[in-house]
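Here is the file run-v3.txt (compact mmCIF, C-alpha atoms).
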# COMPACT_ATOMS: atom_id res chain seq x y z
CA MET A 1 21.41 21.03 8.48
CA THR A 2 19.91 17.96 6.85
CA ASN A 3 21.79 14.73 7.34
CA CYS A 4 21.15 12.16 4.62
CA GLY A 5 22.96 8.85 5.01
CA GLU A 6 22.67 5.46 3.34
CA ARG A 7 22.14 2.31 5.33
CA CYS A 8 21.59 -1.28 4.22
CA ILE A 9 19.15 -3.57 5.95
CA ILE A 10 21.17 -5.79 8.26
CA GLY A 11 19.59 -7.85 11.03
CA ASN A 12 21.14 -8.95 14.30
CA GLY A 13 20.15 -11.20 17.17
CA ARG A 14 19.33 -8.48 19.68
CA LYS A 15 17.21 -6.61 17.17
CA GLU A 16 15.41 -9.83 16.20
CA ARG A 17 14.52 -10.59 19.83
CA ARG A 18 13.17 -7.06 20.28
CA ALA A 19 11.10 -7.39 17.13
CA ARG A 20 9.59 -10.72 18.20
CA LYS A 21 8.63 -9.27 21.56
CA SER A 22 7.00 -6.31 19.79
CA ALA A 23 5.12 -8.64 17.46
CA LYS A 24 3.59 -10.44 20.45
CA ASN A 25 2.49 -7.11 21.91
CA ASN A 26 0.93 -6.23 18.55
CA MET A 27 -1.47 -9.17 18.32
CA ASP A 28 -4.36 -7.36 20.03
CA LYS A 29 -4.05 -4.20 17.90
CA THR A 30 -6.09 -3.39 14.82
CA ILE A 31 -5.38 -1.57 11.55
CA LEU A 32 -8.30 -0.14 9.60
CA THR A 33 -7.64 -0.09 5.86
CA ILE A 34 -9.81 2.08 3.62
CA GLY A 35 -9.50 1.69 -0.14
CA ASN A 36 -10.45 -0.27 -3.23
CA ALA A 37 -11.36 -3.93 -3.58
CA THR A 38 -11.30 -5.35 -7.09
CA MET A 39 -11.18 -8.50 -9.12
CA ASP A 40 -8.05 -8.64 -11.32
CA VAL A 41 -7.40 -10.35 -14.63
CA LEU A 42 -3.84 -10.73 -15.94
CA LEU A 43 -3.03 -11.30 -19.63
CA ASN A 44 0.53 -11.90 -20.87
CA VAL A 45 0.87 -10.75 -24.48
CA PRO A 46 3.82 -10.29 -26.88
CA PHE A 47 2.75 -6.68 -27.51
CA ALA A 48 -0.05 -4.28 -26.59
CA PRO A 49 -2.39 -4.15 -29.60
CA GLY A 50 -3.34 -0.89 -31.26
CA GLY A 51 -4.99 0.34 -34.43
CA GLY A 52 -7.43 -2.55 -34.63
CA ARG A 53 -4.76 -5.22 -34.17
CA THR A 54 -5.18 -8.39 -32.09
CA ALA A 55 -2.70 -9.80 -29.58
CA PHE A 56 -3.02 -13.35 -28.26
CA SER A 57 -2.24 -14.16 -24.65
CA LYS A 58 0.26 -17.01 -24.38
CA ASP A 59 -0.80 -18.03 -20.87
CA LYS A 60 -4.07 -18.95 -19.21
CA TYR A 61 -5.99 -16.12 -17.61
CA GLU A 62 -7.43 -16.26 -14.13
CA PHE A 63 -9.40 -14.03 -11.82
CA THR A 64 -7.55 -12.97 -8.67
CA SER A 65 -8.46 -10.56 -5.90
CA GLY A 66 -6.87 -7.11 -6.03
CA GLY A 67 -7.23 -3.48 -5.02
CA SER A 68 -5.02 -1.27 -2.88
CA GLY A 69 -7.20 -1.53 0.21
CA ALA A 70 -7.47 -5.30 0.06
CA TYR A 71 -3.76 -5.86 -0.55
CA THR A 72 -2.83 -3.54 2.33
CA ALA A 73 -5.21 -5.29 4.71
CA VAL A 74 -3.82 -8.72 3.84
CA ALA A 75 -0.25 -7.42 4.16
CA ALA A 76 -0.97 -6.02 7.62
CA LYS A 77 -2.58 -9.28 8.71
CA ARG A 78 0.33 -11.40 7.46
CA ALA A 79 2.72 -9.09 9.29
CA GLY A 80 0.97 -9.98 12.53
CA THR A 81 -1.72 -7.34 13.11
CA ASP A 82 -5.50 -7.67 13.02
CA ALA A 83 -6.80 -5.96 9.88
CA VAL A 84 -10.21 -4.49 9.08
CA LEU A 85 -11.10 -3.68 5.46
CA CYS A 86 -13.49 -0.87 4.55
CA ALA A 87 -14.42 -1.03 0.84
CA ARG A 88 -17.42 -1.43 -1.46
CA ILE A 89 -18.10 -4.39 -3.71
CA GLY A 90 -21.07 -5.39 -5.84
CA GLU A 91 -23.82 -7.83 -4.95
CA ASP A 92 -22.52 -10.22 -7.58
CA GLU A 93 -20.52 -13.42 -7.88
CA MET A 94 -17.23 -11.51 -8.13
CA GLY A 95 -18.00 -9.73 -4.86
CA LYS A 96 -18.81 -13.00 -3.15
CA ARG A 97 -15.50 -14.50 -4.32
CA LEU A 98 -13.60 -11.51 -2.94
CA LEU A 99 -15.28 -11.78 0.45
CA ASP A 100 -14.45 -15.47 0.64
CA GLU A 101 -10.79 -14.83 -0.16
CA TYR A 102 -10.43 -11.95 2.32
CA ARG A 103 -12.04 -14.11 5.00
CA GLU A 104 -9.67 -16.98 4.22
CA ASN A 105 -6.75 -14.57 4.67
CA GLY A 106 -7.96 -13.56 8.13
CA VAL A 107 -9.15 -10.05 7.21
CA ASN A 108 -12.15 -8.67 9.11
CA ILE A 109 -14.82 -8.04 6.42
CA ASN A 110 -17.64 -7.03 8.78
CA TYR A 111 -17.31 -3.39 7.76
CA MET A 112 -17.38 -3.86 3.98
CA ALA A 113 -20.39 -2.60 2.01
CA ARG A 114 -22.31 -4.39 -0.75
CA ASP A 115 -23.50 -2.18 -3.62
CA ALA A 116 -26.89 -3.05 -5.11
CA ILE A 117 -26.38 -0.90 -8.23
CA ASP A 118 -22.79 -1.13 -9.47
CA GLN A 119 -20.73 -4.24 -10.12
CA THR A 120 -17.58 -5.19 -8.25
CA GLY A 121 -14.56 -3.26 -9.55
CA LEU A 122 -12.34 -4.92 -12.15
CA ASN A 123 -8.71 -4.39 -13.21
CA LEU A 124 -7.39 -5.81 -16.48
CA TYR A 125 -3.58 -6.02 -16.54
CA ILE A 126 -1.92 -6.32 -19.95
CA VAL A 127 1.69 -7.42 -19.54
CA GLU A 128 3.91 -7.08 -22.63
CA GLU A 129 6.79 -9.52 -23.13
CA PHE A 130 9.33 -6.75 -23.72
CA GLY A 131 7.53 -3.71 -22.40
CA PRO A 132 5.76 -2.20 -19.40
CA ALA A 133 2.50 -3.50 -17.98
CA SER A 134 -0.68 -1.56 -18.68
CA LYS A 135 -3.90 -1.52 -16.69
CA ILE A 136 -7.52 -0.95 -17.64
CA CYS A 137 -9.65 -0.15 -14.61
CA TYR A 138 -13.40 -0.39 -14.10
CA PRO A 139 -13.97 1.19 -10.64
CA GLY A 140 -17.51 -0.11 -10.24
CA ALA A 141 -18.76 -0.11 -6.66
CA ASN A 142 -15.49 1.39 -5.41
CA LYS A 143 -16.50 4.85 -6.65
CA ASN A 144 -19.53 4.80 -4.33
CA LEU A 145 -17.54 4.54 -1.10
CA ASN A 146 -18.85 7.27 1.22
CA SER A 147 -18.31 8.89 4.61
CA GLY A 148 -21.06 6.73 6.13
CA ASN A 149 -19.12 3.58 5.20
CA ILE A 150 -15.98 5.06 6.77
CA GLU A 151 -17.71 6.23 9.95
CA PHE A 152 -19.20 2.76 10.39
CA ALA A 153 -15.79 1.15 9.93
CA PHE A 154 -14.34 3.25 12.75
CA ASN A 155 -16.64 1.26 15.07
CA SER A 156 -13.98 -1.46 14.81
CA TYR A 157 -11.91 0.64 17.28
CA PRO A 158 -8.70 0.69 15.21
CA ASN A 159 -5.31 1.64 16.64
CA LEU A 160 -4.19 2.99 13.26
CA VAL A 161 -5.94 3.86 10.00
CA THR A 162 -4.55 3.85 6.48
CA ALA A 163 -6.11 4.91 3.18
CA SER A 164 -4.97 5.49 -0.38
CA LEU A 165 -5.50 8.30 -2.86
CA GLU A 166 -7.67 5.95 -4.90
CA ILE A 167 -10.58 7.21 -2.78
CA GLU A 168 -12.01 10.71 -3.22
CA GLU A 169 -10.07 13.69 -1.86
CA GLU A 170 -12.92 14.66 0.46
CA LEU A 171 -12.97 11.14 1.88
CA VAL A 172 -9.23 11.31 2.57
CA ARG A 173 -9.88 14.51 4.51
CA TYR A 174 -12.74 12.79 6.36
CA VAL A 175 -10.43 9.91 7.34
CA SER A 176 -7.80 12.39 8.54
CA ASN A 177 -10.36 14.20 10.70
CA MET A 178 -11.67 10.94 12.15
CA ALA A 179 -8.13 9.82 12.98
CA ARG A 180 -7.44 13.10 14.77
CA ALA A 181 -10.70 12.81 16.73
CA LYS A 182 -9.83 9.24 17.74
CA GLU A 183 -6.19 10.23 18.43
CA ILE A 184 -4.76 7.44 16.28
CA PRO A 185 -2.07 7.58 13.54
CA PHE A 186 -3.09 8.10 9.92
CA VAL A 187 -0.89 6.61 7.18
CA LEU A 188 -1.69 7.80 3.65
CA ASP A 189 -0.71 5.68 0.65
CA ALA A 190 -0.15 7.78 -2.51
CA SER A 191 -1.38 5.02 -4.84
CA GLY A 192 -3.82 6.61 -7.26
CA ALA A 193 -2.17 10.04 -7.16
CA TYR A 194 -3.19 12.59 -9.82
CA GLU A 195 -1.82 15.96 -10.98
CA SER A 196 -4.69 18.09 -9.66
CA LEU A 197 -4.42 16.70 -6.12
CA ARG A 198 -4.51 19.42 -3.44
CA LEU A 199 -2.37 18.08 -0.62
CA ASP A 200 -3.15 21.13 1.51
CA ARG A 201 -6.81 20.06 1.63
CA ILE A 202 -6.45 16.52 2.94
CA GLY A 203 -5.71 17.36 6.56
CA THR A 204 -3.04 16.06 8.92
CA VAL A 205 -1.11 12.94 7.88
CA ASP A 206 1.29 11.16 10.20
CA VAL A 207 3.09 9.20 7.46
CA PHE A 208 2.86 9.73 3.69
CA ILE A 209 4.09 6.76 1.61
CA ALA A 210 4.66 7.10 -2.14
CA ASP A 211 6.53 5.29 -4.89
CA GLU A 212 8.59 6.99 -7.61
CA LYS A 213 5.74 7.31 -10.08
CA ASP A 214 3.33 8.89 -7.61
CA VAL A 215 6.00 11.22 -6.22
CA GLU A 216 6.71 12.51 -9.71
CA ILE A 217 3.00 13.01 -10.42
CA ILE A 218 2.53 15.02 -7.22
CA THR A 219 5.76 17.04 -7.07
CA GLY A 220 7.09 16.98 -10.63
CA ILE A 221 10.38 15.61 -9.26
CA ARG A 222 11.64 12.16 -10.22
CA PRO A 223 13.37 10.76 -7.11
CA GLY A 224 16.23 9.12 -8.95
CA SER A 225 19.06 10.26 -6.65
CA PRO A 226 19.34 10.98 -2.91
CA GLU A 227 19.37 14.70 -3.72
CA ASP A 228 16.16 14.42 -5.76
CA CYS A 229 14.56 12.33 -3.00
CA LEU A 230 15.29 15.11 -0.55
CA ARG A 231 13.95 17.76 -2.95
CA ALA A 232 10.74 15.78 -3.45
CA SER A 233 10.33 15.21 0.29
CA ILE A 234 10.78 18.91 1.06
CA SER A 235 8.20 19.70 -1.63
CA LEU A 236 5.73 17.37 0.09
CA PHE A 237 6.39 18.98 3.47
CA ASN A 238 5.80 22.42 1.96
CA ARG A 239 2.45 21.36 0.54
CA MET A 240 0.88 19.26 3.29
CA ASP A 241 0.68 18.77 7.05
CA VAL A 242 2.80 15.64 7.46
CA LYS A 243 5.24 14.24 10.04
CA TYR A 244 7.12 11.69 7.91
CA ALA A 245 7.48 11.25 4.15
CA VAL A 246 8.56 7.78 3.00
CA LEU A 247 9.48 7.35 -0.67
CA LYS A 248 9.68 3.77 -1.91
CA LEU A 249 12.22 3.50 -4.71
CA SER A 250 11.30 0.32 -6.57
CA GLY A 251 14.04 0.62 -9.17
CA ARG A 252 16.75 0.76 -6.50
CA ARG A 253 14.97 -1.53 -4.02
CA ALA A 254 15.38 1.26 -1.54
CA ALA A 255 13.36 3.68 0.58
CA HIS A 256 13.99 7.30 1.57
CA MET A 257 12.55 8.61 4.85
CA TYR A 258 12.38 12.30 5.82
CA ASP A 259 11.02 13.88 9.00
CA GLY A 260 11.40 17.55 8.12
CA LYS A 261 14.93 17.72 9.50
CA TYR A 262 16.82 14.48 8.86
CA CYS A 263 16.63 11.93 6.08
CA HIS A 264 17.75 8.33 5.70
CA LEU A 265 18.21 6.17 2.63
CA LEU A 266 17.73 2.44 3.28
CA GLU A 267 18.45 -0.37 0.83
CA SER A 268 17.15 -3.93 0.84
CA ALA A 269 18.66 -7.24 -0.15
CA ARG A 270 18.69 -7.89 -3.90
CA LEU A 271 16.00 -10.25 -5.17
CA GLN A 272 14.86 -10.65 -8.76
CA SER A 273 11.62 -8.78 -9.52
CA ILE A 274 8.94 -10.93 -11.12
CA ASP A 275 5.55 -9.34 -10.37
CA ARG A 276 5.19 -5.89 -8.82
CA ARG A 277 1.42 -5.79 -8.41
CA ALA A 278 1.42 -6.18 -4.63
CA GLN A 279 4.75 -4.59 -3.69
CA GLN A 280 3.48 -1.08 -2.83
CA GLN A 281 0.65 -2.32 -0.63
CA SER A 282 2.90 -4.95 0.93
CA PHE A 283 5.13 -2.05 1.92
CA VAL A 284 2.24 -0.02 3.36
CA GLY A 285 0.62 -2.89 5.25
CA ALA A 286 3.92 -4.09 6.72
CA PHE A 287 4.90 -0.51 7.64
CA CYS A 288 1.62 0.05 9.50
CA SER A 289 1.93 -3.23 11.38
CA GLN A 290 5.49 -2.51 12.46
CA LEU A 291 4.66 1.08 13.40
CA LEU A 292 2.08 -0.22 15.85
CA SER A 293 4.65 -2.70 17.20
CA THR A 294 7.58 -0.37 17.66
CA GLY A 295 6.36 3.22 17.27
CA ASP A 296 9.57 3.72 15.25
CA PRO A 297 9.11 4.95 11.63
CA TYR A 298 12.72 4.09 10.77
CA ARG A 299 12.47 0.44 11.85
CA SER A 300 9.04 0.29 10.22
CA THR A 301 10.54 1.46 6.92
CA GLU A 302 13.24 -1.22 7.17
CA TYR A 303 10.65 -3.91 7.75
CA ALA A 304 8.32 -2.63 5.01
CA LEU A 305 11.11 -2.47 2.45
CA ALA A 306 11.92 -6.12 3.06
CA ALA A 307 8.23 -7.01 2.68
CA SER A 308 7.87 -5.20 -0.65
CA THR A 309 11.09 -6.75 -1.98
CA ILE A 310 9.79 -10.24 -1.26
CA ALA A 311 6.37 -9.48 -2.77
CA ALA A 312 7.95 -8.29 -6.02
CA SER A 313 10.09 -11.44 -6.21
CA LYS A 314 7.05 -13.74 -6.37
CA ALA A 315 4.30 -14.14 -8.96
CA GLY A 316 0.73 -13.39 -8.02
CA GLY A 317 -1.23 -10.69 -6.21
CA ILE A 318 -2.32 -11.60 -2.70
CA SER A 319 -0.37 -14.87 -2.93
CA SER A 320 2.90 -12.91 -3.23
CA ILE A 321 2.43 -10.94 0.01
CA PRO A 322 4.92 -12.26 2.61
CA ASN A 323 4.29 -13.16 6.23
CA ASP A 324 6.26 -11.97 9.25
CA GLY A 325 8.59 -14.97 9.21
CA GLU A 326 9.59 -14.43 5.57
CA ILE A 327 10.21 -10.74 6.20
CA ARG A 328 12.45 -11.36 9.21
CA SER A 329 14.39 -14.01 7.32
CA LEU A 330 15.29 -11.43 4.69
CA LEU A 331 16.18 -8.87 7.35
CA ASN A 332 18.67 -11.36 8.73
Exercise: express the given structure as structure tokens:
Amino acid sequence: MTNCGERCIIGNGRKERRARKSAKNNMDKTILTIGNATMDVLLNVPFAPGGGRTAFSKDKYEFTSGGSGAYTAVAAKRAGTDAVLCARIGEDEMGKRLLDEYRENGVNINYMARDAIDQTGLNLYIVEEFGPASKICYPGANKNLNSGNIEFAFNSYPNLVTASLEIEEELVRYVSNMARAKEIPFVLDASGAYESLRLDRIGTVDVFIADEKDVEIITGIRPGSPEDCLRASISLFNRMDVKYAVLKLSGRRAAHMYDGKYCHLLESARLQSIDRRAQQQSFVGAFCSQLLSTGDPYRSTEYALAASTIAASKAGGISSIPNDGEIRSLLN
């Protein structure tokens, strides 16, 4: 019988001491992140133009680094774990700027590939004053990521590998097979999910992390209640080889974890949401770091939920991703 209970994030002294000890033991471990690296442009407009209309941005625009792979790598590094990024960028000025920023954030970029044909990927975010944000994506060099790039990146001897569904389905399967051969955990981020995705073809996944939007795309179930979260999780278990399904519920600032038998609903402290660009990857990177520290998916979900809550409460992409100290302060 499935037991689904709610629990708020509450820290205590003993737990904090255990966590700090685990963090020290985690310093010599490495997470390999495979995914997209892009340059982002954000425009704040009163409305999204259509039908030949023009909308004027009221704020200055700026180029900032983005991409699911890059955000996850930075999040893992700030949580206290060495991070290697495997992605493709162009041999252009944008690509050079990205490399410089990843290097400044302590991410290992030795396994990134430069593309001589396609430009560095670009995301244009259009944020309406009283409406949802929209994104226009130019994948660029990201679409040329291949199994050779991934195989080379495994030479970094990672202790855990994570990838997102923004890479090709066959590459996800390749990552899964490599993880099994190396006997290391594989965490799959559902960012980039699409309706035609065949979960039964992607191989074994230790932890599958998805937000509400991606869960609904994959399962057709909107996880708005604990009952719907459980229904969606069971659907995922029926369609893929997975050990844990973690659903991040941004609207509720909560997360639902299911292991095929028991489920838990965790809630975070309440902080005002300002910019959600980095919250999903902050969750994934922090989860992976904590999983290597503790080996406990439940505690890792607690920690990751706090990280994503903080990221959403601050403006910016990479600049909004919290470090270990900020995360533990919220947990307390």
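If you measure from each of A:Ala306, A:Ala141, A:Ala133, A:Leu32 to Val175 in chain A using all atoms listed in the file, the closest one turns out to be A:Leu32.
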Restrict the calculation to all atoms listed in the file, then for each residue of range 303-331 of chain A with any atom at most 9 Å from an atom of range 245-252 of chain A give the closest atom pair and their distance in Å to one decimal, rows by chain and rising residue number, as JSON lines.
{"residue": "A:Leu305", "atom": "CA", "partner": "A:Lys248", "partner_atom": "CA", "distance": 7.7}
{"residue": "A:Ser308", "atom": "CA", "partner": "A:Ser250", "partner_atom": "CA", "distance": 8.8}
{"residue": "A:Thr309", "atom": "CA", "partner": "A:Ser250", "partner_atom": "CA", "distance": 8.4}
Residues near Val284 in chain A, cut-off 10 Å, only C-alpha atoms, skip fewer than 4 positions along chain, as a list in words: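 Skipping anything fewer than 4 positions along the chain leaves Ser68, Tyr71, Thr72, Ala73, Ala75, Ala76, Thr162, Ala163, Ser164, Val187, Leu188, Asp189, Phe208, Ile209, Ala210, Lys248, Gln279, Gln280, Cys288, Ser289, Gln290, Ser300, Thr301, Ala304, Leu305, Ala307 and Ser308 of chain A.
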Which neighbours of Ile136 in chain A fall inside 12 Å, counting only C-alpha atoms, when residues of the same chain fewer than 2 positions from it are skipped, and could you give them as a PyMOL selection string? chain A and resi 39-43+121-127+133-134+138-139
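Going from CA of Lys314 in chain A to CA of Asp275 in chain A covers 6.1 Å.
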All residues 10 Å or closer to Met178 in chain A, all atoms listed in the file, same chain fewer than 4 positions away omitted, as an MDAnalysis selection string: chainID A and resid 150:151 154 161 172:174 182:184 186
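For the choices A:Glu101, A:Glu62, A:Glu128, A:Glu91, the atom-to-atom distance to Val74 in chain A is smallest for A:Glu101 when using only C-alpha atoms.
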Pick out the residues sitting within 12 Å of Lys96 in chain A, and hand them over as a PyMOL selection string; count only C-alpha atoms, and ignore anything fewer than 5 positions along from it in its own chain. chain A and resi 37-39+65+88-91+101-103+109+112-115+119-120
Just give me the gap between CA of Lys29 in chain A and CA of Leu292 in chain A in Å, one decimal is fine.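 Between CA of Lys29 in chain A and CA of Leu292 in chain A the gap is 7.6 Å.
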For a test of reading the model, state the distance in Å between CA of Gly224 in chain A and CA of Glu212 in chain A, rounded to one decimal. 8.0 Å
Counting all atoms listed in the file, note down every residue that has an atom within 12 Å of the point (11.7, 8.0, -6.8) (file coordinates), as a ChimeraX atom specification. /A:209-233,246-257,265
Calculated over only C-alpha atoms, which of the candidates A:Ala269, A:Leu331, A:Ile34, A:Ala315 has the smallest distance to Leu171 in chain A?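 For Leu171 in chain A, the nearest of the candidates is A:Ile34.
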Within 9 Å of Arg201 in chain A, counting all atoms listed in the file, which residues qualify if same-chain residues fewer than 3 places away don't, as a ChimeraX atom specification? /A:169-170,173,197-198,240
Using all atoms listed in the file, which of the listed residues (A:Ser156, A:Asn110, A:Ser191, A:Thr81) sits closest to Gly69 in chain A?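 Under the stated criterion, the closest residue is A:Ser191.
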Among the residues A:Ala311, A:Tyr244, A:Leu236, A:Ala83, the one that comes closest to Gln272 in chain A [using only C-alpha atoms]: A:Ala311
